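Undergrad: Below is one structure. I have some questions about it.
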Amino acid sequence: MTRQTVTRFAPSPTGLLHLGHAFAAFTARNLAEDAAGRFLLRIEDIDAARCRPEFDAAILEDLTWLGLDWDGLVRRQSAHMADYAAALARLEQADLIYPCFCTRAAIKAEIARAGAAPHLSADAAEPIYPGLCRTLSTTEREDRKAEGQAYALRLDMAAALARTGVLEWHDRAKGRVAARPERFGDVVIARKEMPTSYHLAATLDDHLQGVTLVTRGEDLFDATHVHRLLQALLGLETPDYAHHRLVTDASGRRFAKRDKALTLAALRARGVTPQAIIAALDAGAFDALFAA
C-alpha cells in the first residue's frame, strides 16, 4: 500500500525568514500538494539561548502572508523534550552513548599529539572527535559528573554500526545512497543541560509526525547519514529524501538570516508582493525584488 505523502517545513526561530526559507517552504508544500498529501509545520526551537518568541510569531506571519497553509497543529520541539529524553534513554540502555567532558581545545590538542594529519568531518568544519572520553571508566565518568563538569553525550559510532550493519536511504535526485555515518565520528546527540540535538530531534520528529518525504537544502545532505543510523537504532520509519538546491544571489552567495535586507519582512515592508516573490523563486532571479 502506497503511503500518503507527508512533508514538513521546519525553521528555527533564531531570526527572520528570508528568500531561502520561502523556497524551502514552497518546495515542501508543492510536493505534498502535487501528491494530494499533507504539509506540516514544525518549529525547531531546542536552542533556548538563541530562539526567541518574536521570531516564532514572525514565522507564522510570513508564511500566512505568502499564502502557505499547513495541516494540523504546529509542533514545537521545546514542548516535546520528554520524547527526546526517552529516545536518549533507549540509546543509553543499549550502551551506545557516553559522556564527553572534552573542550574543543582538548580535542585539537589530542589530534595534534597523534602526529598525523587530522581527518576532517563530513562537513569539513572541524576534525573528527578522536574518542578521548570513550574509554573512561564508569567511576571516572560519575566522579566528573558529581564535580559538576559540563559534558556532551556522544554516540559510540563503532558500537552503533556493529549493531545496525550496512544501511542506505533513497534520495529523489541521487537515488539509492549508502549511509556512511562513520565519516562524522562519535557525533554529539545531546548535552548535560539539553536532552537532544538537531540530529536526534529532527530524526525523531519526522517519525512521530509521520513525515514520508523530507525536503531540505542540499547543505544538509550529509546529515542524513547520521539520521539514517539513528532511525535504525531506534526502530523508526525511514522516509524518502529530496535535498533541493540552495537559493543564492547573483554572486552565488546563499541567503542567510544575517542579511537583514533580504528577509521576507523587509521585502514586504518595501511593497513586494507574495506573487512577485513566487515568480522570482521560480525564475531564480531576484533583481526585480530589490528594485522595488
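For the C-alpha cells, the naming scheme is as follows: chains receive sequential letters (A, B, ...) according to their order of presentation, residues are indexed from 1 within each chain, and ligands are indexed from 1 in presentation order.
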Tell me, as a PyMOL selection string, which residues lie within 9 Å of Ala87 of chain A, counting only C-alpha atoms; anything in the same chain fewer than 3 positions away does not count.

TA: chain A and resi 82-84+90-92+200+204+234

Undergrad: What lies within 12 Å of Pro195 of chain A using only C-alpha atoms, ignoring chain neighbours under 3 positions off, as JSON, numbers by chain?

TA: {"A": [46, 47, 77, 78, 80, 81, 82, 83, 84, 85, 86, 87, 88, 89, 91, 92, 151, 152, 153, 154, 188, 189, 190, 191, 192, 198, 199, 200, 201]}

Undergrad: When you count only C-alpha atoms, which of these residues is closest to Thr203 of chain A: A:Leu262, A:Glu44, A:Ala280, A:Asp219?

TA: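 The shortest atom-to-atom distance to Thr203 of chain A comes from A:Glu44.
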
Undergrad: My list of candidates is A:Arg134, A:His170, A:Arg268, A:Arg50. Which is closest to Leu289 of chain A when distances are computed with only C-alpha atoms?

TA: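 Smallest separation from Leu289 of chain A among the options: A:Arg268.
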
Undergrad: Hey, what's within 10 Å of Ile278 of chain A if we count only C-alpha atoms and toss same-chain stuff fewer than 4 positions away? As a list in words, please?

TA: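 Here the answer would be Leu19, Ala22, Phe23, Phe26, Leu66, Thr273, Pro274, Asp282, Ala283 and Gly284 of chain A.
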
Undergrad: From the list A:Ala35, A:Ala106, A:Leu229, A:Leu40, which residue is nearest Val211 of chain A when using only C-alpha atoms?

TA: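 So, comparing all the options, the nearest one is A:Leu40.
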
Undergrad: Taking the backbone alone, and naming residues the way the document does, which bits of segment 105-246 of chain A are alpha helix (DSSP H) by DSSP, as a ChimeraX atom specification?

TA: /A:105-113,138-146,157-164,198-208,223-234

Undergrad: Out of A:Arg141, A:Arg254, A:Arg104, A:Arg216, which residue has the shortest atom-to-atom distance to Ala10 of chain A when counting only C-alpha atoms?

TA: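 Ranked by minimum distance to Ala10 of chain A, first place goes to A:Arg216.
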
Undergrad: DSSP says strand (DSSP E or B) for which residues of segment 63-271 of chain A? Put them as a PyMOL selection string?

TA: chain A and resi 75-76+97-100+120+127+152-155+168-171+175-178+188-191+194+213-217+240-244+248+254+263
